[in-house]
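Quick look at entry_18.cif (mmCIF, C-alpha atoms):
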```
data_data
loop_
_atom_site.group_PDB
_atom_site.id
_atom_site.type_symbol
_atom_site.label_atom_id
_atom_site.label_comp_id
_atom_site.auth_asym_id
_atom_site.auth_seq_id
_atom_site.Cartn_x
_atom_site.Cartn_y
_atom_site.Cartn_z
ATOM 1 C CA MET A 140 -23.132 -20.570 4.472
ATOM 2 C CA LYS A 141 -19.884 -21.475 6.179
ATOM 3 C CA GLN A 142 -18.720 -17.902 5.696
ATOM 4 C CA GLN A 143 -21.095 -16.952 8.512
ATOM 5 C CA GLN A 144 -18.821 -18.957 10.835
ATOM 6 C CA ILE A 145 -15.507 -17.916 9.308
ATOM 7 C CA VAL A 146 -14.274 -16.511 12.611
ATOM 8 C CA GLY A 147 -14.880 -19.765 14.466
ATOM 9 C CA ALA A 148 -12.757 -21.395 17.150
ATOM 10 C CA GLY A 149 -9.927 -22.465 14.843
ATOM 11 C CA LEU A 150 -9.548 -19.117 13.113
ATOM 12 C CA LEU A 151 -9.891 -17.177 16.359
ATOM 13 C CA LEU A 152 -7.089 -19.245 17.875
ATOM 14 C CA SER A 153 -4.925 -18.558 14.819
ATOM 15 C CA LEU A 154 -5.634 -14.823 15.064
ATOM 16 C CA LEU A 155 -4.791 -14.720 18.764
ATOM 17 C CA LEU A 156 -1.531 -16.579 18.257
ATOM 18 C CA CYS A 157 -0.293 -14.368 15.425
ATOM 19 C CA GLY A 158 -1.522 -11.104 16.941
ATOM 20 C CA CYS A 159 -3.393 -10.015 13.824
ATOM 21 C CA SER A 160 -6.871 -8.568 13.588
ATOM 22 C CA THR A 161 -10.105 -9.152 11.724
ATOM 23 C CA ILE A 162 -13.063 -7.091 10.591
ATOM 24 C CA ASP A 163 -16.308 -8.964 9.872
ATOM 25 C CA MET A 164 -19.216 -7.713 7.771
ATOM 26 C CA HIS A 165 -21.709 -10.619 7.931
ATOM 27 C CA ARG A 166 -25.129 -10.372 6.269
ATOM 28 C CA ASP A 167 -28.327 -12.340 6.868
ATOM 29 C CA ARG A 168 -28.704 -13.316 3.213
ATOM 30 C CA PRO A 169 -25.555 -12.293 1.347
ATOM 31 C CA GLU A 170 -25.365 -12.683 -2.407
ATOM 32 C CA TYR A 171 -21.654 -13.472 -2.127
ATOM 33 C CA SER A 172 -18.953 -13.834 0.490
ATOM 34 C CA ILE A 173 -15.525 -12.224 0.062
ATOM 35 C CA GLY A 174 -12.336 -12.668 2.078
ATOM 36 C CA VAL A 175 -9.792 -9.828 2.107
ATOM 37 C CA VAL A 176 -6.211 -10.003 3.391
ATOM 38 C CA LEU A 177 -4.398 -6.656 3.476
ATOM 39 C CA LYS A 178 -0.799 -5.875 4.530
ATOM 40 C CA ALA A 179 -1.466 -3.743 7.603
ATOM 41 C CA GLN A 180 -3.762 -1.265 9.343
ATOM 42 C CA ASN A 181 -1.035 0.963 10.755
ATOM 43 C CA SER A 182 -1.456 4.039 8.567
ATOM 44 C CA PRO A 183 -4.316 6.292 7.439
ATOM 45 C CA TYR A 184 -4.012 4.863 3.922
ATOM 46 C CA TRP A 185 -4.840 1.318 5.071
ATOM 47 C CA LEU A 186 -7.553 2.578 7.403
ATOM 48 C CA ASP A 187 -9.109 4.528 4.533
ATOM 49 C CA MET A 188 -8.978 1.478 2.272
ATOM 50 C CA SER A 189 -10.628 -0.700 4.920
ATOM 51 C CA SER A 190 -13.356 1.918 5.413
ATOM 52 C CA GLY A 191 -14.042 1.967 1.682
ATOM 53 C CA MET A 192 -14.287 -1.822 1.567
ATOM 54 C CA GLN A 193 -16.596 -1.960 4.566
ATOM 55 C CA GLN A 194 -18.875 0.707 3.105
ATOM 56 C CA ALA A 195 -19.085 -1.103 -0.239
ATOM 57 C CA ALA A 196 -19.834 -4.396 1.529
ATOM 58 C CA THR A 197 -22.651 -2.648 3.402
ATOM 59 C CA ASP A 198 -24.015 -0.965 0.290
ATOM 60 C CA TYR A 199 -24.057 -4.177 -1.776
ATOM 61 C CA GLY A 200 -25.023 -6.633 0.955
ATOM 62 C CA ILE A 201 -21.782 -8.612 0.731
ATOM 63 C CA ASP A 202 -20.567 -10.925 3.486
ATOM 64 C CA MET A 203 -16.947 -9.797 3.986
ATOM 65 C CA THR A 204 -14.118 -10.795 6.305
ATOM 66 C CA LEU A 205 -11.047 -8.560 6.334
ATOM 67 C CA LEU A 206 -7.794 -9.787 7.907
ATOM 68 C CA TYR A 207 -4.364 -8.188 8.228
ATOM 69 C CA PRO A 208 -1.023 -8.908 9.941
ATOM 70 C CA GLU A 209 0.737 -6.601 12.376
ATOM 71 C CA GLY A 210 2.780 -4.955 9.621
ATOM 72 C CA GLU A 211 3.942 -5.113 6.031
ATOM 73 C CA GLN A 212 7.077 -7.057 6.936
ATOM 74 C CA GLU A 213 5.058 -9.925 8.437
ATOM 75 C CA GLY A 214 4.925 -12.135 5.360
ATOM 76 C CA GLU A 215 4.651 -15.442 7.212
ATOM 77 C CA GLU A 216 1.854 -14.109 9.369
ATOM 78 C CA GLN A 217 0.003 -12.959 6.272
ATOM 79 C CA LYS A 218 0.409 -16.387 4.647
ATOM 80 C CA SER A 219 -1.333 -17.944 7.633
ATOM 81 C CA LEU A 220 -4.230 -15.518 7.245
ATOM 82 C CA ILE A 221 -4.521 -16.284 3.528
ATOM 83 C CA ALA A 222 -4.645 -20.000 4.352
ATOM 84 C CA ASP A 223 -7.418 -19.306 6.891
ATOM 85 C CA ILE A 224 -9.477 -17.488 4.261
ATOM 86 C CA LEU A 225 -8.977 -20.335 1.779
ATOM 87 C CA ASP A 226 -10.129 -22.830 4.404
ATOM 88 C CA SER A 227 -13.398 -20.931 4.758
ATOM 89 C CA ASP A 228 -16.346 -20.843 2.382
ATOM 90 C CA VAL A 229 -15.695 -17.704 0.323
ATOM 91 C CA ASP A 230 -16.536 -16.975 -3.291
ATOM 92 C CA LEU A 231 -13.646 -14.601 -3.901
ATOM 93 C CA MET A 232 -10.430 -13.666 -2.144
ATOM 94 C CA MET A 233 -8.646 -10.326 -2.450
ATOM 95 C CA VAL A 234 -5.016 -9.997 -1.306
ATOM 96 C CA ALA A 235 -2.479 -7.201 -0.934
ATOM 97 C CA PRO A 236 0.617 -9.462 -0.844
ATOM 98 C CA CYS A 237 3.477 -8.658 1.527
ATOM 99 C CA ASP A 238 5.691 -10.553 -0.938
ATOM 100 C CA SER A 239 4.752 -10.096 -4.592
ATOM 101 C CA TYR A 240 6.971 -13.052 -5.534
ATOM 102 C CA ASP A 241 5.164 -15.532 -3.268
ATOM 103 C CA THR A 242 1.611 -15.725 -4.592
ATOM 104 C CA GLU A 243 1.500 -18.849 -6.780
ATOM 105 C CA TRP A 244 0.785 -21.157 -3.852
ATOM 106 C CA PHE A 245 -2.465 -19.498 -2.845
ATOM 107 C CA ILE A 246 -3.541 -18.916 -6.447
ATOM 108 C CA GLU A 247 -3.278 -22.647 -7.150
ATOM 109 C CA LYS A 248 -5.120 -23.558 -3.970
ATOM 110 C CA ALA A 249 -7.854 -21.035 -4.735
ATOM 111 C CA LYS A 250 -8.213 -22.410 -8.251
ATOM 112 C CA MET A 251 -8.715 -25.941 -6.922
ATOM 113 C CA GLN A 252 -11.465 -24.615 -4.654
ATOM 114 C CA ASP A 253 -13.075 -22.531 -7.414
ATOM 115 C CA ILE A 254 -12.314 -19.266 -5.567
ATOM 116 C CA ASP A 255 -11.645 -16.163 -7.663
ATOM 117 C CA VAL A 256 -8.564 -14.127 -6.676
ATOM 118 C CA LEU A 257 -7.804 -10.419 -7.141
ATOM 119 C CA THR A 258 -4.911 -8.304 -5.867
ATOM 120 C CA VAL A 259 -5.389 -4.866 -4.335
ATOM 121 C CA ASP A 260 -2.718 -2.185 -3.713
ATOM 122 C CA THR A 261 0.116 -4.592 -4.580
ATOM 123 C CA ARG A 262 0.181 -6.796 -7.667
ATOM 124 C CA ALA A 263 1.527 -10.343 -7.946
ATOM 125 C CA MET A 264 4.904 -10.574 -9.707
ATOM 126 C CA ASP A 265 5.098 -14.360 -10.068
ATOM 127 C CA ALA A 266 1.635 -14.854 -11.582
ATOM 128 C CA GLU A 267 -1.002 -13.126 -13.684
ATOM 129 C CA LEU A 268 -3.772 -11.685 -11.514
ATOM 130 C CA PRO A 269 -6.051 -8.668 -11.892
ATOM 131 C CA TYR A 270 -4.756 -5.664 -9.951
ATOM 132 C CA ILE A 271 -6.705 -2.824 -8.321
ATOM 133 C CA GLY A 272 -4.636 0.047 -6.991
ATOM 134 C CA SER A 273 -2.512 3.110 -7.601
ATOM 135 C CA ASP A 274 -0.643 3.573 -10.864
ATOM 136 C CA ASN A 275 2.787 3.163 -9.283
ATOM 137 C CA VAL A 276 4.666 3.861 -12.514
ATOM 138 C CA LEU A 277 2.893 7.224 -12.693
ATOM 139 C CA PHE A 278 3.696 7.861 -9.028
ATOM 140 C CA GLY A 279 7.392 7.146 -9.574
ATOM 141 C CA LYS A 280 7.406 9.418 -12.615
ATOM 142 C CA MET A 281 5.844 12.269 -10.618
ATOM 143 C CA VAL A 282 8.496 11.886 -7.911
ATOM 144 C CA ALA A 283 11.320 11.940 -10.476
ATOM 145 C CA GLU A 284 9.911 14.960 -12.280
ATOM 146 C CA TYR A 285 9.522 16.805 -8.987
ATOM 147 C CA PHE A 286 13.210 16.293 -8.224
ATOM 148 C CA ASN A 287 14.144 17.222 -11.811
ATOM 149 C CA GLU A 288 12.346 20.554 -11.471
ATOM 150 C CA ARG A 289 13.487 21.419 -7.939
ATOM 151 C CA LEU A 290 17.079 20.189 -7.741
ATOM 152 C CA LYS A 291 20.217 21.492 -9.420
ATOM 153 C CA PRO A 292 22.481 19.339 -11.620
ATOM 154 C CA GLY A 293 24.822 17.282 -9.448
ATOM 155 C CA SER A 294 22.283 16.986 -6.604
ATOM 156 C CA THR A 295 21.945 13.777 -4.621
ATOM 157 C CA ILE A 296 18.809 11.998 -3.433
ATOM 158 C CA LEU A 297 17.980 9.221 -0.979
ATOM 159 C CA LEU A 298 15.173 6.687 -1.609
ATOM 160 C CA LEU A 299 13.449 5.214 1.457
ATOM 161 C CA TYR A 300 11.216 2.209 0.801
ATOM 162 C CA GLY A 301 9.280 -0.450 2.664
ATOM 163 C CA PRO A 302 9.663 -4.217 1.975
ATOM 164 C CA GLU A 303 11.695 -4.677 -1.201
ATOM 165 C CA LYS A 304 9.656 -7.610 -2.597
ATOM 166 C CA GLN A 305 6.478 -5.604 -3.070
ATOM 167 C CA SER A 306 5.447 -4.632 -6.591
ATOM 168 C CA SER A 307 4.401 -1.111 -5.576
ATOM 169 C CA ILE A 308 7.950 -0.377 -4.437
ATOM 170 C CA ILE A 309 9.567 -2.129 -7.390
ATOM 171 C CA GLU A 310 7.436 -0.243 -9.921
ATOM 172 C CA ARG A 311 7.952 3.156 -8.279
ATOM 173 C CA ASP A 312 11.691 2.596 -8.018
ATOM 174 C CA GLN A 313 11.986 1.612 -11.680
ATOM 175 C CA ALA A 314 10.000 4.669 -12.760
ATOM 176 C CA ILE A 315 12.040 7.032 -10.588
ATOM 177 C CA ARG A 316 15.237 5.696 -12.129
ATOM 178 C CA GLU A 317 13.819 5.871 -15.658
ATOM 179 C CA TYR A 318 12.577 9.464 -15.446
ATOM 180 C CA LEU A 319 15.197 10.994 -13.148
ATOM 181 C CA ASP A 320 17.604 13.344 -14.934
ATOM 182 C CA SER A 321 21.022 11.773 -15.434
ATOM 183 C CA ASP A 322 22.742 14.642 -13.611
ATOM 184 C CA ILE A 323 20.802 13.924 -10.384
ATOM 185 C CA HIS A 324 22.387 11.062 -8.488
ATOM 186 C CA ILE A 325 20.819 8.420 -6.250
ATOM 187 C CA GLN A 326 23.167 8.379 -3.294
ATOM 188 C CA GLY A 327 21.442 5.543 -1.460
ATOM 189 C CA VAL A 328 18.436 3.228 -1.209
ATOM 190 C CA GLN A 329 17.101 1.943 2.120
ATOM 191 C CA TYR A 330 14.393 -0.671 2.750
ATOM 192 C CA THR A 331 12.860 -0.315 6.188
ATOM 193 C CA GLU A 332 9.782 -0.624 8.369
ATOM 194 C CA LEU A 333 7.323 2.078 7.397
ATOM 195 C CA ASP A 334 7.153 3.875 10.730
ATOM 196 C CA GLU A 335 8.228 7.211 12.140
ATOM 197 C CA GLU A 336 11.031 5.818 14.298
ATOM 198 C CA ASN A 337 12.841 4.201 11.378
ATOM 199 C CA GLY A 338 12.566 7.353 9.292
ATOM 200 C CA TYR A 339 14.136 9.306 12.132
ATOM 201 C CA LEU A 340 16.959 6.802 12.710
ATOM 202 C CA LEU A 341 17.882 6.515 9.042
ATOM 203 C CA ILE A 342 18.492 10.259 8.785
ATOM 204 C CA GLN A 343 20.276 10.457 12.135
ATOM 205 C CA GLN A 344 22.745 7.859 10.850
ATOM 206 C CA LEU A 345 23.683 9.918 7.780
ATOM 207 C CA GLU A 346 27.025 11.678 7.978
ATOM 208 C CA GLN A 347 26.386 14.051 5.087
ATOM 209 C CA PRO A 348 23.127 15.699 3.945
ATOM 210 C CA VAL A 349 21.415 14.866 0.659
ATOM 211 C CA ASP A 350 19.478 17.308 -1.481
ATOM 212 C CA GLY A 351 16.298 15.268 -1.828
ATOM 213 C CA ILE A 352 14.592 12.396 -0.006
ATOM 214 C CA TYR A 353 11.732 10.217 -1.226
ATOM 215 C CA CYS A 354 9.707 8.403 1.475
ATOM 216 C CA GLN A 355 7.364 5.509 0.735
ATOM 217 C CA ASN A 356 4.680 6.964 2.988
ATOM 218 C CA ALA A 357 4.018 9.999 5.183
ATOM 219 C CA VAL A 358 4.440 8.065 8.436
ATOM 220 C CA LEU A 359 8.065 7.416 7.486
ATOM 221 C CA ALA A 360 8.367 11.021 6.281
ATOM 222 C CA ARG A 361 7.377 12.422 9.666
ATOM 223 C CA GLY A 362 10.390 10.749 11.260
ATOM 224 C CA VAL A 363 12.619 11.944 8.421
ATOM 225 C CA VAL A 364 11.433 15.537 8.853
ATOM 226 C CA GLU A 365 12.041 15.427 12.611
ATOM 227 C CA ALA A 366 15.623 14.219 12.127
ATOM 228 C CA LEU A 367 16.302 16.775 9.384
ATOM 229 C CA THR A 368 15.088 19.541 11.680
ATOM 230 C CA GLU A 369 17.408 18.412 14.471
ATOM 231 C CA LYS A 370 20.357 18.263 12.088
ATOM 232 C CA ASP A 371 19.397 21.616 10.523
ATOM 233 C CA TRP A 372 19.552 20.062 7.048
ATOM 234 C CA ASN A 373 17.470 21.501 4.228
ATOM 235 C CA SER A 374 16.622 18.450 2.114
ATOM 236 C CA LYS A 375 13.543 18.439 -0.093
ATOM 237 C CA VAL A 376 11.209 15.660 1.123
ATOM 238 C CA ILE A 377 8.454 14.058 -0.950
ATOM 239 C CA SER A 378 6.234 11.148 0.091
ATOM 240 C CA VAL A 379 3.121 9.232 -0.984
ATOM 241 C CA ASP A 380 0.081 8.979 1.277
ATOM 242 C CA THR A 381 -3.424 10.136 2.182
ATOM 243 C CA GLU A 382 -2.535 11.394 5.626
ATOM 244 C CA ASP A 383 -3.926 14.678 6.979
ATOM 245 C CA ASP A 384 -0.855 15.100 9.200
ATOM 246 C CA ALA A 385 1.341 15.023 6.120
ATOM 247 C CA VAL A 386 -0.724 17.790 4.525
ATOM 248 C CA GLN A 387 -0.151 19.812 7.679
ATOM 249 C CA LEU A 388 3.590 19.186 7.287
ATOM 250 C CA LEU A 389 3.278 20.674 3.814
ATOM 251 C CA LYS A 390 1.452 23.721 5.138
ATOM 252 C CA ASP A 391 4.146 24.191 7.773
ATOM 253 C CA GLY A 392 6.874 23.909 5.142
ATOM 254 C CA ALA A 393 8.431 20.896 6.888
ATOM 255 C CA MET A 394 7.816 18.625 3.905
ATOM 256 C CA ASP A 395 7.956 19.821 0.317
ATOM 257 C CA ALA A 396 5.565 17.624 -1.670
ATOM 258 C CA MET A 397 3.293 14.622 -1.474
ATOM 259 C CA VAL A 398 1.652 12.352 -4.027
ATOM 260 C CA ILE A 399 -1.920 11.836 -2.849
ATOM 261 C CA GLN A 400 -3.626 8.462 -3.330
ATOM 262 C CA ASN A 401 -7.249 7.806 -2.402
ATOM 263 C CA GLY A 402 -7.283 4.727 -0.194
ATOM 264 C CA TYR A 403 -11.040 4.919 0.432
ATOM 265 C CA GLU A 404 -11.873 4.984 -3.275
ATOM 266 C CA ILE A 405 -9.476 2.125 -4.019
ATOM 267 C CA GLY A 406 -11.106 0.065 -1.278
ATOM 268 C CA TYR A 407 -14.668 0.837 -2.342
ATOM 269 C CA GLN A 408 -14.106 0.185 -6.029
ATOM 270 C CA SER A 409 -12.155 -3.013 -5.330
ATOM 271 C CA ILE A 410 -15.294 -4.488 -3.740
ATOM 272 C CA GLU A 411 -17.406 -3.263 -6.653
ATOM 273 C CA LEU A 412 -15.004 -4.957 -9.086
ATOM 274 C CA ALA A 413 -15.042 -8.140 -7.004
ATOM 275 C CA LEU A 414 -18.834 -8.192 -7.188
ATOM 276 C CA GLU A 415 -18.758 -7.593 -10.947
ATOM 277 C CA THR A 416 -16.266 -10.450 -11.321
ATOM 278 C CA LEU A 417 -18.488 -12.864 -9.403
ATOM 279 C CA ARG A 418 -21.608 -11.894 -11.309
ATOM 280 C CA SER A 419 -20.007 -12.033 -14.762
ATOM 281 C CA GLY A 420 -17.745 -15.021 -14.190
ATOM 282 C CA GLU A 421 -15.036 -13.207 -16.176
ATOM 283 C CA GLN A 422 -11.589 -12.059 -15.074
ATOM 284 C CA PRO A 423 -11.472 -8.240 -15.048
ATOM 285 C CA GLU A 424 -8.838 -5.906 -16.417
ATOM 286 C CA ASP A 425 -6.494 -4.043 -14.056
ATOM 287 C CA MET A 426 -8.024 -0.960 -12.422
ATOM 288 C CA LEU A 427 -5.419 1.807 -12.003
ATOM 289 C CA PHE A 428 -5.923 4.958 -9.943
ATOM 290 C CA ASP A 429 -4.176 8.241 -10.698
ATOM 291 C CA GLY A 430 -2.578 10.354 -7.992
ATOM 292 C CA GLU A 431 -2.189 14.076 -7.447
ATOM 293 C CA LEU A 432 1.052 15.877 -6.659
ATOM 294 C CA LEU A 433 0.518 18.334 -3.835
ATOM 295 C CA THR A 434 3.243 20.881 -3.008
ATOM 296 C CA VAL A 435 3.795 23.425 -0.265
ATOM 297 C CA GLN A 436 2.547 26.141 -2.617
ATOM 298 C CA ASP A 437 -0.694 24.220 -3.291
ATOM 299 C CA THR A 438 -1.556 24.237 0.425
ATOM 300 C CA GLY A 439 -0.706 27.910 0.905
ATOM 301 C CA GLY A 440 2.134 26.896 3.198
ATOM 302 C CA ASN A 441 5.495 28.498 3.847
#
```

Would you write out, as structure tokens, the structure that this file holds?
Amino acid sequence: MKQQQIVGAGLLLSLLLCGCSTIDMHRDRPEYSIGVVLKAQNSPYWLDMSSGMQQAATDYGIDMTLLYPEGEQEGEEQKSLIADILDSDVDLMMVAPCDSYDTEWFIEKAKMQDIDVLTVDTRAMDAELPYIGSDNVLFGKMVAEYFNERLKPGSTILLLYGPEKQSSIIERDQAIREYLDSDIHIQGVQYTELDEENGYLLIQQLEQPVDGIYCQNAVLARGVVEALTEKDWNSKVISVDTEDDAVQLLKDGAMDAMVIQNGYEIGYQSIELALETLRSGEQPEDMLFDGELLTVQDTGGN
């Protein structure tokens, strides 16, 4: 099968030029070949998801190629990787789109080539595609209810997100706004790179403290917590992630709460669903994963 040569000279040159990376799981006699394009590998969540996918590919004897850009803001780079997958001989492609409003082009191309398409972690907003990932509406609701229970009327909160054209962010934001008590006010919304440095800088630039801060992931939250400590501000911080370091922040009392999502399980079951889709020839229903709200008290922290 051509999939055995998917990382050939042309694709390797493309990968070297864009600075992205690839993970190959090639089998001697695979039943199917799957191409996966994620958004990044720069956090424990993405690493966990990749590990789950690789384990499932091993367990089921699937020929899998996994590609990802340097970061979630690199939409053009990701588009090039998607095109590379579509130019190879795969049976199914799975994408976590950097831009949920720019998916129609690869869906149409995949359809012409008789390639099934699923989305993982981030759903398409400009087309109908099966989605495998966290229940982001539930996550947003849990964040809002946490603030409702912990903050006094008249309190202010700050929402820190990644790329604004991603469905996971859009859905969480809508749910936070829907379930947040009317007497708690959103003082600001910031879209930023999901790294520690940007979390730190965003808080350092604030002139007045806020009562609560939501961070899209724990990497961003670490920078936020560092800046809050330097400013001696006592804001309640809640994030979403799977990161062990973030749990330690909870135990230390530096961060107040975290919504836990299981990246490994999402990755593993996404490959299982892909295999089921190929075997049945039918488009699956969305597969949503619940999360768990973990607080300082749950970890026995301060």

(message) I'd like to see the residues matched by the PyMOL selection byres ((chain A and resi 342) around 9) on this file, and ideally I'd get them as a PyMOL selection string.
(response) chain A and resi 337-341+343-346+348+362-364+366-367+370

(message) I'd like to see the residues matched by the PyMOL selection byres ((chain A and resi 394-405) around 6) on this file, and ideally I'd get them as a VMD selection string.
(response) chain A and resid 184 187 to 188 191 375 to 381 388 to 389 392 to 393 406 to 409 430 to 435

Those residues you just picked out, can you put them in a file as an mmCIF file, in the frame of the given file with C-alpha atoms?
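So part.cif came out as:
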```
data_model
loop_
_atom_site.group_PDB
_atom_site.id
_atom_site.type_symbol
_atom_site.label_atom_id
_atom_site.label_comp_id
_atom_site.auth_asym_id
_atom_site.auth_seq_id
_atom_site.Cartn_x
_atom_site.Cartn_y
_atom_site.Cartn_z
ATOM 1 C CA TYR A 184 -4.012 4.863 3.922
ATOM 2 C CA ASP A 187 -9.109 4.528 4.533
ATOM 3 C CA MET A 188 -8.978 1.478 2.272
ATOM 4 C CA GLY A 191 -14.042 1.967 1.682
ATOM 5 C CA LYS A 375 13.543 18.439 -0.093
ATOM 6 C CA VAL A 376 11.209 15.660 1.123
ATOM 7 C CA ILE A 377 8.454 14.058 -0.950
ATOM 8 C CA SER A 378 6.234 11.148 0.091
ATOM 9 C CA VAL A 379 3.121 9.232 -0.984
ATOM 10 C CA ASP A 380 0.081 8.979 1.277
ATOM 11 C CA THR A 381 -3.424 10.136 2.182
ATOM 12 C CA LEU A 388 3.590 19.186 7.287
ATOM 13 C CA LEU A 389 3.278 20.674 3.814
ATOM 14 C CA GLY A 392 6.874 23.909 5.142
ATOM 15 C CA ALA A 393 8.431 20.896 6.888
ATOM 16 C CA GLY A 406 -11.106 0.065 -1.278
ATOM 17 C CA TYR A 407 -14.668 0.837 -2.342
ATOM 18 C CA GLN A 408 -14.106 0.185 -6.029
ATOM 19 C CA SER A 409 -12.155 -3.013 -5.330
ATOM 20 C CA GLY A 430 -2.578 10.354 -7.992
ATOM 21 C CA GLU A 431 -2.189 14.076 -7.447
ATOM 22 C CA LEU A 432 1.052 15.877 -6.659
ATOM 23 C CA LEU A 433 0.518 18.334 -3.835
ATOM 24 C CA THR A 434 3.243 20.881 -3.008
ATOM 25 C CA VAL A 435 3.795 23.425 -0.265
#
```

Check which residues satisfy the PyMOL selection byres ((chain A and resi 299-313) around 8) in the file shown, then give them as a PDB file with C-alpha atoms, in the coordinates of the input.
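The resulting part36.pdb:
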```pdb
ATOM      1  CA  GLU A 211       3.942  -5.113   6.031  1.00  0.00           C
ATOM      2  CA  GLN A 212       7.077  -7.057   6.936  1.00  0.00           C
ATOM      3  CA  PRO A 236       0.617  -9.462  -0.844  1.00  0.00           C
ATOM      4  CA  CYS A 237       3.477  -8.658   1.527  1.00  0.00           C
ATOM      5  CA  ASP A 238       5.691 -10.553  -0.938  1.00  0.00           C
ATOM      6  CA  SER A 239       4.752 -10.096  -4.592  1.00  0.00           C
ATOM      7  CA  TYR A 240       6.971 -13.052  -5.534  1.00  0.00           C
ATOM      8  CA  ASP A 260      -2.718  -2.185  -3.713  1.00  0.00           C
ATOM      9  CA  THR A 261       0.116  -4.592  -4.580  1.00  0.00           C
ATOM     10  CA  ARG A 262       0.181  -6.796  -7.667  1.00  0.00           C
ATOM     11  CA  ALA A 263       1.527 -10.343  -7.946  1.00  0.00           C
ATOM     12  CA  MET A 264       4.904 -10.574  -9.707  1.00  0.00           C
ATOM     13  CA  ASN A 275       2.787   3.163  -9.283  1.00  0.00           C
ATOM     14  CA  VAL A 276       4.666   3.861 -12.514  1.00  0.00           C
ATOM     15  CA  LEU A 277       2.893   7.224 -12.693  1.00  0.00           C
ATOM     16  CA  PHE A 278       3.696   7.861  -9.028  1.00  0.00           C
ATOM     17  CA  GLY A 279       7.392   7.146  -9.574  1.00  0.00           C
ATOM     18  CA  LYS A 280       7.406   9.418 -12.615  1.00  0.00           C
ATOM     19  CA  LEU A 297      17.980   9.221  -0.979  1.00  0.00           C
ATOM     20  CA  LEU A 298      15.173   6.687  -1.609  1.00  0.00           C
ATOM     21  CA  ALA A 314      10.000   4.669 -12.760  1.00  0.00           C
ATOM     22  CA  ILE A 315      12.040   7.032 -10.588  1.00  0.00           C
ATOM     23  CA  ARG A 316      15.237   5.696 -12.129  1.00  0.00           C
ATOM     24  CA  GLU A 317      13.819   5.871 -15.658  1.00  0.00           C
ATOM     25  CA  VAL A 328      18.436   3.228  -1.209  1.00  0.00           C
ATOM     26  CA  GLN A 329      17.101   1.943   2.120  1.00  0.00           C
ATOM     27  CA  TYR A 330      14.393  -0.671   2.750  1.00  0.00           C
ATOM     28  CA  THR A 331      12.860  -0.315   6.188  1.00  0.00           C
ATOM     29  CA  GLU A 332       9.782  -0.624   8.369  1.00  0.00           C
ATOM     30  CA  LEU A 333       7.323   2.078   7.397  1.00  0.00           C
ATOM     31  CA  ILE A 352      14.592  12.396  -0.006  1.00  0.00           C
ATOM     32  CA  TYR A 353      11.732  10.217  -1.226  1.00  0.00           C
ATOM     33  CA  CYS A 354       9.707   8.403   1.475  1.00  0.00           C
ATOM     34  CA  GLN A 355       7.364   5.509   0.735  1.00  0.00           C
TER      35      GLN A 355
END
```

(message) One number please: CA of Pro423 (chain A) to CA of Val234 (chain A), in Å, one decimal.
(response)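 So the two atoms, CA of Pro423 (chain A) and CA of Val234 (chain A), lie 15.3 Å apart.
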
Would you mind listing, for every residue of region 235-323 of chain A within 10 Å of region 416-422 of chain A, the two atoms forming the shortest contact and the distance between them in Å to one decimal, using all atoms listed in the file, sorted by chain and ascending residue number, as a tab-separated table?
```
residue	atom	partner	partner_atom	distance
A:Ile254	CA	A:Leu417	CA	9.7
A:Asp255	CA	A:Leu417	CA	7.8
A:Val256	CA	A:Gln422	CA	9.2
A:Leu257	CA	A:Gln422	CA	8.9
A:Leu268	CA	A:Gln422	CA	8.6
A:Pro269	CA	A:Gln422	CA	7.2
```

(request) One decimal, Å: what's the distance from CA of Leu220 (chain A) over to CA of Gln193 (chain A), could you say? (result) 18.5 Å

(message) Just checking: using all atoms listed in the file, which residue out of A:Ala222, A:Ala360, A:Met233, A:Met251 ends up closest to Tyr270 (chain A)?
(response) A:Met233

Please report, as JSON, the centre and edge lengths in Å to one decimal of an axis-aligned box covering all listed atoms of region 332-336 of chain A with 3 Å per side.
```
{"center_x": 9.1, "center_y": 3.3, "center_z": 10.8, "size_x": 9.9, "size_y": 13.8, "size_z": 12.9}
```

(request) May I ask which of the residues A:Ile173, A:Val358, A:Ala179, A:Ile221 is the closest one to Met192 (chain A), counting all atoms listed in the file? (result)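 Nearest to Met192 (chain A): A:Ile173.
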
(message) Just the number, please: distance in Å from CA of Lys291 (chain A) to CA of Gln387 (chain A), one decimal.
(response)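 Result for CA of Lys291 (chain A) versus CA of Gln387 (chain A): 26.6 Å, one decimal.
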